[in-house]
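Colleague: This structure is in structure tokens; I'll ask about it shortly.
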Amino acid sequence: MREIVLGDVTITRVVEYFGSVEMSPEDFFPESPEGAWNASWLAPDFLDPRTNTCASAIQTWLLRSEGKTILIDTGVGNHKERPYSPVWSHLNTDFLGNLARAGVRPEDVDLVINTHLHVDHVGWNTYLDDRSWVPTFPNATYLMPRPDFDFWNPANGHQPNLRRGNQNVFEDSVAPVHEAGRTLLWEDGYRIDANLRLDLAPGHTPGSSVVTLESGGDRALFVGDLLHTALQFVEPDTNSCFCENPAQARATRRRLLGWAADANALVLPAHLGGHGGAEVVREGDRFAIKDWAPFARL
């Protein structure tokens, strides 16, 4: 099953990629507690023990709410030059075909939400038309957090922890959408509709954000890169190596996992393999996985 219904919102999982990200746990999550990656439950959905590399999904959450078609994050994209992120360079995936099989054409999309502006969250914002990058979803409003828009704009001269890993991303996947007049840059929060809202959740990047779904008695939290891997559910102080403000990332992760546990909300990160998300419960000063999301396992 790739589709579930929560309250009045239908959620479909649209996958671009699943497999190795060619990084070891020691490199990707250098703050991991000693021995944490020896846990058998992490393989094979989150770790390939044969190669000692992390496994990750690149996926878009497709929401249908109040008559609108909404995409949360747009993955890596095709044909893009990523000299310092070679695993994402010059992909040629059938993402738009997967979207079509979910019943959505590019012109059907009303809103695109970029939870933040990293290379693997904005790629399908645009596609290559002859020699120009143009918006993939021509009728959509692209919601981007202004703090990230400013931070990743090369003209502003910031020196991110990601270093050159985001090279070319603003130019080919953000600026063309903005120049086409399709962006809405929000700052403190944004109400999407009666079921959905956007809130800042900084730490991973200055403008990292989450989408909260509250509809009927159902709750879900689309958390982008608040978590990259399921280990961070049970080891919430473990950051990835890409967090711009590590202390803030840990505090934000704990705060939002606490809300999800108390609200019985389904937590849906951008990159979780397996079932794509989980419900959590408090376990002392950490959290435990109560149940996996009801999506088919990748």
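In the structure tokens, chains take letters A, B, ... by order of appearance, with residues numbered from 1 within each chain and ligands from 1 in the order shown.
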Neighbouring residues of region 169-179 of chain A were defined as those with any atom within 7 Å, considering only C-alpha atoms; residues of the same chain fewer than 2 positions away were excluded. Please report them as number ranges by chain.
Modeller: A: 119, 122-123, 125-126, 133-135, 152-153, 166-167, 181-183
Colleague: Would you mind exporting all heavy atoms of the selected residues as a CSV table (one decimal), in the first residue's frame?
Modeller:
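File out_18.csv, as written:
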```
chain,number,residue,atom,x,y,z
A,119,VAL,N,20.0,19.7,-1.6
A,119,VAL,CA,20.0,19.1,-2.9
A,119,VAL,C,19.0,18.1,-3.1
A,119,VAL,O,18.4,17.9,-4.2
A,119,VAL,CB,21.5,18.5,-3.1
A,119,VAL,CG1,21.8,17.6,-2.0
A,119,VAL,CG2,21.6,17.8,-4.4
A,122,VAL,N,14.8,19.6,-3.4
A,122,VAL,CA,14.3,20.6,-4.4
A,122,VAL,C,14.5,20.2,-5.8
A,122,VAL,O,14.1,21.0,-6.7
A,122,VAL,CB,14.9,22.0,-4.1
A,122,VAL,CG1,14.7,22.4,-2.7
A,122,VAL,CG2,16.5,21.9,-4.3
A,123,GLY,N,15.0,19.0,-6.1
A,123,GLY,CA,15.5,18.7,-7.4
A,123,GLY,C,14.4,18.7,-8.5
A,123,GLY,O,14.7,19.2,-9.6
A,125,ASN,N,11.9,20.5,-8.5
A,125,ASN,CA,11.3,21.8,-8.7
A,125,ASN,C,11.3,22.2,-10.1
A,125,ASN,O,10.5,23.0,-10.6
A,125,ASN,CB,12.0,22.9,-7.8
A,125,ASN,CG,11.7,22.8,-6.4
A,125,ASN,OD1,10.9,22.0,-5.9
A,125,ASN,ND2,12.3,23.7,-5.6
A,126,THR,N,12.4,21.8,-10.8
A,126,THR,CA,12.6,22.2,-12.2
A,126,THR,C,13.0,21.0,-13.0
A,126,THR,O,13.4,19.9,-12.5
A,126,THR,CB,13.7,23.2,-12.3
A,126,THR,OG1,15.0,22.7,-11.8
A,126,THR,CG2,13.4,24.5,-11.5
A,133,TRP,N,16.5,25.5,-17.2
A,133,TRP,CA,15.8,24.9,-16.1
A,133,TRP,C,14.5,25.7,-15.9
A,133,TRP,O,14.5,26.9,-15.7
A,133,TRP,CB,16.6,25.0,-14.9
A,133,TRP,CG,17.8,24.1,-15.0
A,133,TRP,CD1,19.1,24.6,-15.1
A,133,TRP,CD2,17.9,22.7,-14.9
A,133,TRP,NE1,20.0,23.5,-15.2
A,133,TRP,CE2,19.3,22.4,-15.1
A,133,TRP,CE3,17.0,21.7,-14.8
A,133,TRP,CZ2,19.7,21.0,-15.1
A,133,TRP,CZ3,17.4,20.4,-14.8
A,133,TRP,CH2,18.8,20.1,-15.0
A,134,VAL,N,13.3,25.0,-16.0
A,134,VAL,CA,12.0,25.6,-15.9
A,134,VAL,C,11.2,24.9,-14.8
A,134,VAL,O,11.5,23.7,-14.5
A,134,VAL,CB,11.3,25.6,-17.2
A,134,VAL,CG1,12.1,26.4,-18.3
A,134,VAL,CG2,11.0,24.2,-17.7
A,135,PRO,N,10.2,25.5,-14.2
A,135,PRO,CA,9.4,24.9,-13.2
A,135,PRO,C,8.7,23.6,-13.7
A,135,PRO,O,8.1,23.6,-14.8
A,135,PRO,CB,8.4,25.9,-12.8
A,135,PRO,CG,9.0,27.2,-13.1
A,135,PRO,CD,9.9,27.0,-14.3
A,152,TRP,N,20.9,29.9,1.5
A,152,TRP,CA,21.5,29.1,0.4
A,152,TRP,C,21.7,30.0,-0.9
A,152,TRP,O,22.3,29.4,-1.9
A,152,TRP,CB,20.7,27.9,0.0
A,152,TRP,CG,20.6,26.9,1.2
A,152,TRP,CD1,19.6,26.7,2.0
A,152,TRP,CD2,21.7,26.1,1.6
A,152,TRP,NE1,20.0,25.7,2.9
A,152,TRP,CE2,21.3,25.4,2.7
A,152,TRP,CE3,23.0,25.9,1.2
A,152,TRP,CZ2,22.1,24.5,3.4
A,152,TRP,CZ3,23.9,25.0,1.8
A,152,TRP,CH2,23.4,24.3,2.9
A,153,ASN,N,21.3,31.2,-0.9
A,153,ASN,CA,21.6,32.1,-2.0
A,153,ASN,C,23.1,32.4,-2.1
A,153,ASN,O,23.6,33.0,-1.1
A,153,ASN,CB,20.8,33.4,-1.9
A,153,ASN,CG,20.9,34.2,-3.1
A,153,ASN,OD1,21.8,34.1,-3.9
A,153,ASN,ND2,20.0,35.2,-3.2
A,166,ASN,N,25.9,21.5,-1.8
A,166,ASN,CA,24.7,22.1,-2.4
A,166,ASN,C,25.1,22.9,-3.6
A,166,ASN,O,24.2,23.7,-4.1
A,166,ASN,CB,24.0,22.9,-1.4
A,166,ASN,CG,22.6,22.6,-1.2
A,166,ASN,OD1,22.2,21.4,-1.3
A,166,ASN,ND2,21.7,23.5,-1.0
A,167,GLN,N,26.3,22.7,-4.2
A,167,GLN,CA,26.7,23.6,-5.3
A,167,GLN,C,25.7,23.4,-6.5
A,167,GLN,O,25.3,22.2,-6.8
A,167,GLN,CB,28.1,23.2,-5.8
A,167,GLN,CG,28.6,24.1,-6.9
A,167,GLN,CD,30.1,24.1,-7.1
A,167,GLN,OE1,30.8,24.1,-6.1
A,167,GLN,NE2,30.6,23.9,-8.3
A,181,GLY,N,8.2,33.6,-10.9
A,181,GLY,CA,7.1,34.2,-10.1
A,181,GLY,C,6.3,33.2,-9.4
A,181,GLY,O,5.1,33.4,-9.0
A,182,ARG,N,6.8,31.9,-9.2
A,182,ARG,CA,6.0,30.8,-8.6
A,182,ARG,C,6.3,30.6,-7.1
A,182,ARG,O,5.6,29.8,-6.5
A,182,ARG,CB,6.3,29.5,-9.3
A,182,ARG,CG,6.1,29.5,-10.9
A,182,ARG,CD,4.8,30.0,-11.3
A,182,ARG,NE,3.7,29.4,-10.6
A,182,ARG,CZ,2.4,29.7,-10.8
A,182,ARG,NH1,2.1,30.6,-11.7
A,182,ARG,NH2,1.4,29.0,-10.2
A,183,THR,N,7.2,31.4,-6.5
A,183,THR,CA,7.5,31.1,-5.1
A,183,THR,C,6.7,32.0,-4.1
A,183,THR,O,6.3,33.1,-4.5
A,183,THR,CB,9.0,31.4,-4.8
A,183,THR,OG1,9.3,32.7,-5.1
A,183,THR,CG2,9.9,30.4,-5.5
```
Colleague: If we count only C-alpha atoms, what is near Glu279 (chain A) at a cut-off of 12 Å, once residues fewer than 3 positions away on the same chain are taken out, given as number ranges by chain?
Modeller: A: 219-221, 230, 233-234, 257-269, 275-276, 282, 287-294
Colleague: I need the residues of region 109-250 of chain A that end up classed as helix (DSSP H, G or I) by DSSP on the backbone, written out as a ChimeraX atom specification.
Modeller: /A:123-125,146-152,154-156,163-166,169-179,231-234,246-250
Colleague: Give the answer as one residue: which of A:Leu96, A:Ala155, A:Ala140, A:Val211 has the shortest atom-to-atom distance to Leu184 (chain A), using only C-alpha atoms?
Modeller: A:Ala140
Colleague: Please extract the residues of region 155-251 of chain A with a backbone DSSP assignment of strand (DSSP E or B) and present them as a ChimeraX atom specification.
Modeller: /A:183-186,189-191,196-200,209-215,218-224
Colleague: Using only C-alpha atoms, find the one residue out of A:Asn156, A:Asn78, A:Ser85, A:Asn98 that sits nearest to Trp124 (chain A).
Modeller: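 Closest to Trp124 (chain A) of all the choices is A:Asn78.
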Colleague: To one decimal place, how far is CA of Thr69 (chain A) from CA of Asp8 (chain A) in Å?
Modeller: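 CA of Asp8 (chain A) lies at a distance of 13.0 Å from CA of Thr69 (chain A).
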Colleague: Mind checking which residues fall within 10 Å of region 235-250 of chain A, counting only C-alpha atoms, ignoring those fewer than 6 positions away in the same chain, and posting them as a PDB file with C-alpha atoms, in the first residue's frame?
Modeller:
```pdb
ATOM      1  CA  PRO A  25      27.156   5.356   9.602  1.00  0.00           C
ATOM      2  CA  GLU A  26      30.372   6.691  11.103  1.00  0.00           C
ATOM      3  CA  ASP A  27      30.563   9.381   8.423  1.00  0.00           C
ATOM      4  CA  PHE A  28      26.848  10.149   8.104  1.00  0.00           C
ATOM      5  CA  PHE A  29      26.082  10.099  11.844  1.00  0.00           C
ATOM      6  CA  PRO A  30      29.372  10.759  13.645  1.00  0.00           C
ATOM      7  CA  GLU A  31      27.577  11.395  16.950  1.00  0.00           C
ATOM      8  CA  SER A  32      26.020   7.907  17.060  1.00  0.00           C
ATOM      9  CA  PRO A  33      26.496   6.121  20.393  1.00  0.00           C
ATOM     10  CA  ALA A  36      24.243   1.703  18.081  1.00  0.00           C
ATOM     11  CA  HIS A 118      19.065  20.924   0.310  1.00  0.00           C
ATOM     12  CA  GLN A 159      29.691  29.073   4.538  1.00  0.00           C
ATOM     13  CA  PRO A 160      27.478  26.050   5.308  1.00  0.00           C
ATOM     14  CA  ASN A 161      28.497  22.806   6.988  1.00  0.00           C
ATOM     15  CA  LEU A 162      27.414  21.082   3.782  1.00  0.00           C
ATOM     16  CA  ARG A 163      30.242  23.032   2.144  1.00  0.00           C
ATOM     17  CA  GLY A 165      27.514  19.673  -1.402  1.00  0.00           C
ATOM     18  CA  ALA A 201      11.900  23.651  12.854  1.00  0.00           C
ATOM     19  CA  PRO A 202      15.435  25.043  12.576  1.00  0.00           C
ATOM     20  CA  GLY A 203      18.694  23.311  13.314  1.00  0.00           C
ATOM     21  CA  HIS A 204      19.333  21.053  10.354  1.00  0.00           C
ATOM     22  CA  THR A 205      19.233  24.236   8.296  1.00  0.00           C
ATOM     23  CA  PRO A 206      18.159  27.746   9.378  1.00  0.00           C
ATOM     24  CA  SER A 208      14.084  23.713   8.094  1.00  0.00           C
ATOM     25  CA  ASP A 225      15.341  15.961   7.619  1.00  0.00           C
ATOM     26  CA  LEU A 226      14.546  16.275  11.312  1.00  0.00           C
ATOM     27  CA  LEU A 227      15.425  12.571  11.106  1.00  0.00           C
ATOM     28  CA  HIS A 228      17.411  10.890   8.324  1.00  0.00           C
ATOM     29  CA  THR A 229      17.257   7.397   9.776  1.00  0.00           C
ATOM     30  CA  LEU A 257       9.198  13.858  18.800  1.00  0.00           C
ATOM     31  CA  ASP A 285      14.391  10.631  28.226  1.00  0.00           C
ATOM     32  CA  ARG A 286      14.312   9.016  24.790  1.00  0.00           C
ATOM     33  CA  PHE A 287      11.677   7.526  22.503  1.00  0.00           C
ATOM     34  CA  ALA A 288      10.693   4.086  21.258  1.00  0.00           C
TER      35      ALA A 288
END
```
Colleague: Nearest residue to Thr93 (chain A) out of A:Leu47, A:Asn139, A:Arg64, A:Phe18, using only C-alpha atoms?
Modeller: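 Of the candidates, the smallest distance to Thr93 (chain A) is held by A:Phe18.
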Colleague: How far is it from CA of Leu143 (chain A) to CA of Phe222 (chain A), in Å with one decimal?
Modeller: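 CA of Leu143 (chain A) sits 14.6 Å away from CA of Phe222 (chain A).
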Colleague: Nearest to Asn195 (chain A) among A:Leu99, A:Ala296, A:Ala43, A:Leu6, with distances taken over only C-alpha atoms: which residue is it?
Modeller: A:Leu6
Colleague: At a cut-off of 7 Å, using only C-alpha atoms, what residues contact His121 (chain A)? Leave out same-chain residues fewer than 4 positions from it and give the result as a list in words.
Modeller: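 Contacts, with the query itself left out: Asp73, Thr74, Gly75, Val76, Asn114, His116 and Leu117 of chain A.
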Colleague: Go ahead and dump the residues you just picked, N, CA, C and O atoms, as a compact mmCIF listing (two decimals), in the first residue's frame.
Modeller:
```
# COMPACT_ATOMS: atom_id res chain seq x y z
N ASP A 73 8.35 18.14 -0.61
CA ASP A 73 9.71 17.87 -1.07
C ASP A 73 9.71 17.20 -2.45
O ASP A 73 8.80 16.44 -2.80
N THR A 74 10.74 17.53 -3.22
CA THR A 74 10.77 17.09 -4.62
C THR A 74 12.04 16.36 -4.99
O THR A 74 12.39 16.28 -6.17
N GLY A 75 12.74 15.80 -4.02
CA GLY A 75 13.82 14.88 -4.32
C GLY A 75 15.01 15.51 -5.01
O GLY A 75 15.34 16.69 -4.83
N VAL A 76 15.67 14.71 -5.84
CA VAL A 76 16.95 15.06 -6.43
C VAL A 76 16.81 15.64 -7.83
O VAL A 76 17.51 16.59 -8.20
N ASN A 114 8.80 22.87 -0.08
CA ASN A 114 10.18 22.47 0.17
C ASN A 114 10.45 22.66 1.66
O ASN A 114 10.52 23.79 2.13
N HIS A 116 13.09 22.29 3.26
CA HIS A 116 14.33 23.08 3.29
C HIS A 116 14.95 22.96 1.91
O HIS A 116 14.40 22.26 1.04
N LEU A 117 16.06 23.63 1.69
CA LEU A 117 16.56 23.76 0.32
C LEU A 117 17.86 23.00 0.07
O LEU A 117 18.74 23.45 -0.65
```
Colleague: Which value, in Å to one decimal, gives the distance between CA of Arg2 (chain A) and CA of Val14 (chain A)?
Modeller: 7.7 Å
Colleague: For Pro106 (chain A), which residue among A:Leu71, A:Leu213, A:Glu16, A:Leu91 is the nearest when counting only C-alpha atoms?
Modeller: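 Of A:Leu71, A:Leu213, A:Glu16, A:Leu91, the one nearest Pro106 (chain A), counting only C-alpha atoms, is A:Leu71.
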Colleague: Near Ile4 (chain A), counting only C-alpha atoms, which residues have an atom at most 8 Å away, once you skip same-chain residues fewer than 6 positions from it, shown as a list in words?
Modeller: Thr10, Ile11, Thr12, Pro294 and Phe295 of chain A
